[in-house]
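This report refers to the structure that appears directly beneath it.
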Amino acid sequence: MTVSTQVFDAIVIGAGGAGMRASLALGVEGKRVAVISKVFPTRSHTVAAQGGINAALSNYDADDNWKYHFYDTVKGSDFLGDQHAIEYMCREAPRSIIELEHWGMPFSRDEKGKIYQRAFGGQSRFYGKEKVRRTCAVADRTGHALLHTLYQQNVAHNTQFYSEWFALELVKNKQGHFVGVTAINISDGSKCFFAAKQTILATGGAGRIYEQSTNAYICTGDGLGMAWRHNIGLQDMEMWQFHPTGLYGTGILISEGTRGEGGRLRNAQGDYYMSGYSKNADLACRDIVARSSVQEILAGRGCGPDKDHVHLDLTDLDEDTIRNKLPGITEIAQVYAGVDPRKEPLPVVPTVHYLMGGIPTTEYGQVIEHTPGGDKVIPGLYAVGECACVSVHGANRLGANSLLDLVVFGRAAGHHVAQLDETQPLVYDQDDIDQGFATYTQMMKRTSGIAHSVIRSKLQKIMQRDFGVYRNHSEMQSGLQALKQLKHDYDHSCYFADKSKVFNTNKIEALEVGNLLDVALSTAYASLYRTESRGAHSRMDYPERDDTNWCVHSVVYADESTVKRPVNVAPNEVKPVILEVRD
Ligand SMILES: Cc1cc2nc3c(=O)[nH]c(=O)nc-3n(C[C@H](O)[C@H](O)[C@H](O)COP(=O)(O)OP(=O)(O)OC[C@H]3O[C@@H](n4cnc5c(N)ncnc54)[C@H](O)[C@@H]3O)c2cc1C
């Protein structure tokens, strides 16, 4: 089949919150922008975000301000976040919320008409006295409202959507500039090269490298795989957040908003154990709560016949809070666990949720390469959202800071691209395009081999077993060897029988497995590389945080080389937050 070419001012791969905020910034400037998405835009994983989006609006705590938000985020990141980027995000947060509100996002409100804000984990300025209420919410369906608002605004600004198109590979010209992406139309199998001087990756997370995940099935790290295969170094890939409350047996997320509204974790003996682990009790940072729950389980105090989960108790919450603030959670509990949260506790277990690491960028979303002489911008390529690492989340993300990251840095990247003074012509040749289809063509031709589903299920088991909440060298090393074997199997023999063109989901899944494998390998290299415990990365063989050697980002490459990149501790206007012990 022939390959068509479409040329745009900019291409955005991904129609989640980050991609659609970037495309909107371009659309507002009158740029011709294409958004490519493997699902209909409003089915992107952002739609599943429940709890909310952080901004120091001070609607409830009069003296809250962005500087406290900044402090909590740096501390929550276990000091691995880049402080200039965190400053930018927290300063921009209130304006971003008001902007969304003006576009029609239906925030929950209090009786005075103010945007409703709830407490969330790690927002601890008033701990001991009072909680900070900094998380703006649309009941427990915040991402749904955000995504629909952005979609409507994009339609109004003439963004051209390519829904149910699957992006295969980034295309780089002989001069080393990225010039677009190859893609296939899922509905009829046709091929296209989308060409532009600037390509923005916004492909979201990759939680599906694990067997149990809160992430949608589409979160397969495709953008990370595409960058990795061009030997772009990925940053902090060992930093996977385990959410303390995935619904036991399903992985479905039970929002931190439940604990923000007063829910508490309990063990089999009925003890509310979190106060024994942290001053902030149930609203400690997620890495701390997840580890505490695992310790309860390891100590034999887990719930159920297998003592392999804990309980989230919402029975003390009043009827009004459950009905109005947590309606989605009530439904999930009833449908998927057969539990009425007003009467019984929910069975929950730490479940993989979010990737703090990703493609390293400047605060304008430009992808960078770290060299001995400093950071170099890679021409033609941007990354935003969960696939990027700007890095505002460091070693542990605060709940409700991701939606904020999407809109703040999505907008920053879109503006930056719109403002570029591009006089260089767009240059590429047929050979550049062909390379972008090479792996796909090879897989389509293969007539026998190993089923992609077999490779995927082995991969997910390895990650779940060897790269969980607690890690150590020997398990990770054997996990890495097994992953390398799987990578070899995939490259040489991954096979799918169904070669049809129309809605061939088998083919799409086979392509996704390639990306999952690359993300898993980069996670394995980075996890073995960082010989300390920080944030979400807890090593039994190196249990302490090692600030002398490891208060740095890890960067790993497909050729297995590794580099340390300094953390930026030079914010613009406030004093840097200096290292301290977290509670
Ligand atoms: C259940 C759940 C609840 C959450 N709750 C919250 C919360 O309350 N607050 C908060 O701040 N964060 C929350 N998070 C985290 C946050 O929602 C995500 O980090 C964020 O939405 C990711 O947005 P994104 O724009 O980067 O990517 P996504 O929304 O995941 O979108 C990725 C896009 O990329 C496209 N794509 C991917 N690969 C390809 C390809 N090969 N070809 C074409 N298109 C492709 C997809 O189609 C999709 O449009 C939650 C996450 C989960 C899983």
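Following the order of the structure tokens, chains are lettered A, B, ..., residues in each are numbered from 1, and ligands are numbered from 1.
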
Can you pull out every residue with an atom within 7 Å of ligand 1? Use only C-alpha atoms and all ligand atoms and format it as a ChimeraX atom specification.
/A:13-19,36-41,44-53,142-143,165-168,202-205,214-216,218-223,252-253,255,353-354,384-387,399-404,406

Could you name the residues that touch Ala337 in chain A at 8 Å or less, counting only C-alpha atoms, but leaving out those on the same chain fewer than 5 positions away, as a compact mmCIF listing (two decimals) with N, CA, C and O atoms, in the first residue's frame?
```
# COMPACT_ATOMS: atom_id res chain seq x y z
N LEU A 247 -8.02 -0.98 43.85
CA LEU A 247 -9.03 -1.92 44.35
C LEU A 247 -8.48 -3.34 44.19
O LEU A 247 -8.10 -3.75 43.09
N ILE A 332 -17.90 2.37 41.77
CA ILE A 332 -16.83 1.39 41.52
C ILE A 332 -16.84 0.32 42.61
O ILE A 332 -16.75 -0.88 42.33
N LEU A 346 -13.32 -1.00 52.02
CA LEU A 346 -12.96 -1.48 50.68
C LEU A 346 -11.64 -2.24 50.73
O LEU A 346 -10.68 -1.77 51.35
N PRO A 347 -11.54 -3.38 50.02
CA PRO A 347 -10.25 -4.08 49.96
C PRO A 347 -9.32 -3.37 48.96
O PRO A 347 -9.68 -3.18 47.80
```

### Query
If you run DSSP on the backbone, which residues of range 197-430 of chain A are strand (DSSP E), as number ranges by chain?
A: 198-201, 234-235, 240-247, 264-266, 310-313, 346-355, 359-360, 366-371, 374-383, 388-389

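Proximity to Lys507 in chain A was assessed for A:Gly189, A:Gly468, A:Gly302, A:Ile200 counting only C-alpha atoms; the smallest distance is recorded for A:Gly189.
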
*asked:* Using DSSP secondary structure from the backbone, list all helix (DSSP H, G or I) positions within range 28-260 of chain A, as a ChimeraX atom specification.
replied: /A:28,41-43,45-48,66-76,83-102,142-156,207-209,222-229,257-260

Within 12 Å of Glu331 in chain A, counting only C-alpha atoms, which residues qualify if same-chain residues fewer than 2 places away don't, as an MDAnalysis selection string? chainID A and resid 140 252 254 322:323 326:329 333:342

Would you pick out the contacts of Lys376 in chain A at 10 Å or less, using only C-alpha atoms, so that residues sharing its chain but fewer than 2 positions from it are not included, and give the list as a JSON list (two decimals) with C-alpha atoms, in the first residue's frame?
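Printed below is part-v8.json as written:
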```json
[["chain", "number", "residue", "atom", "x", "y", "z"],
["A", 361, "THR", "CA", 12.74, 18.30, 28.65],
["A", 362, "THR", "CA", 13.18, 21.99, 29.36],
["A", 366, "GLN", "CA", 11.95, 20.85, 24.31],
["A", 367, "VAL", "CA", 13.52, 17.38, 24.47],
["A", 368, "ILE", "CA", 17.09, 17.52, 25.71],
["A", 369, "GLU", "CA", 20.18, 15.43, 25.63],
["A", 370, "HIS", "CA", 22.61, 15.64, 28.52],
["A", 371, "THR", "CA", 26.22, 16.01, 27.39],
["A", 373, "GLY", "CA", 29.15, 20.25, 28.31],
["A", 374, "GLY", "CA", 25.54, 20.60, 29.59],
["A", 378, "ILE", "CA", 17.24, 18.10, 20.25],
["A", 379, "PRO", "CA", 15.88, 19.92, 17.17]]
```

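Pairwise distance (CA of Gly358 in chain A, CA of Met239 in chain A) equals 9.3 Å.
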
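Proximity of A:Thr73, A:Ser293, A:Asn154, A:Thr149 to Val392 in chain A, computed with only C-alpha atoms, is greatest for A:Thr73.
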
Using only C-alpha atoms, the best pick from A:Ser77, A:Ser108, A:Thr159, A:Thr315 as closest to Gln241 in chain A would be A:Ser77

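If you measure from each of A:Gln430, A:Thr245, A:Gln424, A:Thr505 to Glu164 in chain A using only C-alpha atoms, the closest one turns out to be A:Thr505.
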
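Checking A:Asn185, A:Leu234, A:Thr321, A:Pro425 one by one against Lys564 in chain A, counting only C-alpha atoms, you find the shortest gap at A:Leu234.
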
Tell me which protein, DNA and RNA residues are within 12 Å of Arg118 in chain A, counting only C-alpha atoms, leaving out same-chain ones fewer than 6 positions away, and put them as a VMD selection string. chain A and resid 51 to 61 108 to 110 131 to 140 256 to 262 283 321 325 to 326 399 to 400

Got time to write the residues from that selection, N, CA, C and O atoms, as a tab-separated table (two decimals), in the first residue's frame?
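The resulting file, part-v1.tsv, is shown below:
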```
chain	number	residue	atom	x	y	z
A	51	GLY	N	-9.43	12.45	41.47
A	51	GLY	CA	-9.34	13.30	42.65
A	51	GLY	C	-9.29	14.79	42.41
A	51	GLY	O	-9.96	15.56	43.10
A	52	GLY	N	-8.47	15.25	41.46
A	52	GLY	CA	-8.44	16.69	41.25
A	52	GLY	C	-7.14	17.23	40.70
A	52	GLY	O	-6.29	16.49	40.20
A	53	ILE	N	-7.03	18.55	40.80
A	53	ILE	CA	-5.91	19.29	40.22
A	53	ILE	C	-5.50	20.38	41.23
A	53	ILE	O	-6.35	21.13	41.70
A	54	ASN	N	-4.20	20.41	41.53
A	54	ASN	CA	-3.73	21.30	42.60
A	54	ASN	C	-3.52	22.74	42.14
A	54	ASN	O	-2.98	22.98	41.06
A	55	ALA	N	-3.91	23.68	42.99
A	55	ALA	CA	-3.57	25.09	42.79
A	55	ALA	C	-3.84	25.81	44.10
A	55	ALA	O	-4.88	25.59	44.73
A	56	ALA	N	-2.90	26.65	44.50
A	56	ALA	CA	-3.08	27.38	45.76
A	56	ALA	C	-4.02	28.56	45.53
A	56	ALA	O	-3.61	29.71	45.49
A	57	LEU	N	-5.32	28.24	45.38
A	57	LEU	CA	-6.32	29.30	45.17
A	57	LEU	C	-6.69	29.97	46.49
A	57	LEU	O	-7.32	31.01	46.51
A	58	SER	N	-6.33	29.32	47.61
A	58	SER	CA	-6.63	29.82	48.96
A	58	SER	C	-8.11	30.00	49.22
A	58	SER	O	-8.50	30.90	49.96
A	59	ASN	N	-8.95	29.19	48.63
A	59	ASN	CA	-10.39	29.32	48.88
A	59	ASN	C	-10.77	28.93	50.30
A	59	ASN	O	-11.77	29.39	50.82
A	60	TYR	N	-9.97	28.07	50.92
A	60	TYR	CA	-10.29	27.61	52.28
A	60	TYR	C	-9.22	27.95	53.30
A	60	TYR	O	-9.51	28.14	54.47
A	61	ASP	N	-7.94	27.98	52.85
A	61	ASP	CA	-6.85	28.35	53.75
A	61	ASP	C	-6.33	29.69	53.27
A	61	ASP	O	-5.56	29.76	52.31
A	108	SER	N	-16.66	21.61	40.95
A	108	SER	CA	-17.57	21.55	42.10
A	108	SER	C	-17.43	22.88	42.86
A	108	SER	O	-16.37	23.49	42.86
A	109	ARG	N	-18.52	23.28	43.53
A	109	ARG	CA	-18.50	24.59	44.21
A	109	ARG	C	-19.02	24.45	45.62
A	109	ARG	O	-19.76	23.51	45.93
A	110	ASP	N	-18.66	25.40	46.46
A	110	ASP	CA	-19.24	25.40	47.80
A	110	ASP	C	-20.45	26.34	47.82
A	110	ASP	O	-20.81	26.91	46.78
A	131	LYS	N	-5.47	20.45	57.80
A	131	LYS	CA	-5.01	20.04	56.46
A	131	LYS	C	-5.07	21.23	55.51
A	131	LYS	O	-5.90	22.10	55.68
A	132	VAL	N	-4.19	21.18	54.50
A	132	VAL	CA	-4.28	22.21	53.47
A	132	VAL	C	-5.29	21.71	52.43
A	132	VAL	O	-5.18	20.58	51.97
A	133	ARG	N	-6.22	22.54	52.06
A	133	ARG	CA	-7.19	22.14	51.02
A	133	ARG	C	-6.81	22.87	49.74
A	133	ARG	O	-7.19	24.02	49.54
A	134	ARG	N	-6.05	22.16	48.89
A	134	ARG	CA	-5.48	22.81	47.72
A	134	ARG	C	-5.91	22.14	46.41
A	134	ARG	O	-5.55	22.57	45.33
A	135	THR	N	-6.65	21.05	46.52
A	135	THR	CA	-6.95	20.25	45.31
A	135	THR	C	-8.35	20.60	44.79
A	135	THR	O	-9.36	20.29	45.43
A	136	CYS	N	-8.37	21.26	43.63
A	136	CYS	CA	-9.64	21.65	43.00
A	136	CYS	C	-10.23	20.41	42.33
A	136	CYS	O	-9.49	19.62	41.72
A	137	ALA	N	-11.54	20.25	42.43
A	137	ALA	CA	-12.13	18.99	41.95
A	137	ALA	C	-13.46	19.21	41.25
A	137	ALA	O	-14.17	20.18	41.52
A	138	VAL	N	-13.73	18.29	40.34
A	138	VAL	CA	-15.09	18.17	39.79
A	138	VAL	C	-15.59	16.83	40.34
A	138	VAL	O	-15.32	15.78	39.75
A	139	ALA	N	-16.23	16.86	41.53
A	139	ALA	CA	-16.59	15.65	42.27
A	139	ALA	C	-15.42	14.68	42.25
A	139	ALA	O	-14.29	15.08	42.59
A	140	ASP	N	-15.60	13.43	41.81
A	140	ASP	CA	-14.45	12.53	41.64
A	140	ASP	C	-14.32	12.15	40.17
A	140	ASP	O	-13.99	11.03	39.81
A	256	GLU	N	-7.23	9.10	45.97
A	256	GLU	CA	-6.71	9.64	47.22
A	256	GLU	C	-7.71	10.63	47.84
A	256	GLU	O	-7.67	10.91	49.04
A	257	GLY	N	-8.62	11.13	47.00
A	257	GLY	CA	-9.68	12.00	47.49
A	257	GLY	C	-10.47	11.33	48.62
A	257	GLY	O	-10.99	12.00	49.51
A	258	THR	N	-10.53	10.01	48.62
A	258	THR	CA	-11.26	9.30	49.70
A	258	THR	C	-10.59	9.58	51.04
A	258	THR	O	-11.26	9.80	52.05
A	259	ARG	N	-9.23	9.57	51.04
A	259	ARG	CA	-8.53	9.86	52.29
A	259	ARG	C	-8.54	11.36	52.57
A	259	ARG	O	-8.58	11.79	53.71
A	260	GLY	N	-8.54	12.17	51.48
A	260	GLY	CA	-8.65	13.62	51.65
A	260	GLY	C	-9.96	14.00	52.33
A	260	GLY	O	-10.04	14.97	53.09
A	261	GLU	N	-11.00	13.21	52.09
A	261	GLU	CA	-12.31	13.49	52.69
A	261	GLU	C	-12.47	12.84	54.06
A	261	GLU	O	-13.51	12.95	54.68
A	262	GLY	N	-11.43	12.07	54.49
A	262	GLY	CA	-11.49	11.51	55.84
A	262	GLY	C	-11.38	9.99	55.93
A	262	GLY	O	-11.41	9.43	57.03
A	283	LEU	N	-2.55	10.93	55.05
A	283	LEU	CA	-2.26	11.90	53.99
A	283	LEU	C	-0.75	12.13	53.84
A	283	LEU	O	-0.32	13.19	53.38
A	321	THR	N	-21.17	13.61	51.99
A	321	THR	CA	-19.82	13.61	51.38
A	321	THR	C	-19.73	12.48	50.38
A	321	THR	O	-19.26	12.66	49.25
A	325	LYS	N	-19.40	14.13	46.92
A	325	LYS	CA	-17.98	14.32	46.62
A	325	LYS	C	-17.33	13.06	46.04
A	325	LYS	O	-16.32	13.13	45.37
A	326	LEU	N	-17.92	11.89	46.32
A	326	LEU	CA	-17.29	10.63	45.86
A	326	LEU	C	-18.29	9.70	45.17
A	326	LEU	O	-18.32	8.49	45.44
A	399	GLY	N	-0.20	13.68	44.69
A	399	GLY	CA	-1.51	13.49	44.05
A	399	GLY	C	-2.03	14.83	43.56
A	399	GLY	O	-1.84	15.86	44.22
A	400	ALA	N	-2.66	14.82	42.39
A	400	ALA	CA	-3.28	16.01	41.78
A	400	ALA	C	-2.28	17.01	41.20
A	400	ALA	O	-2.66	18.09	40.76
```
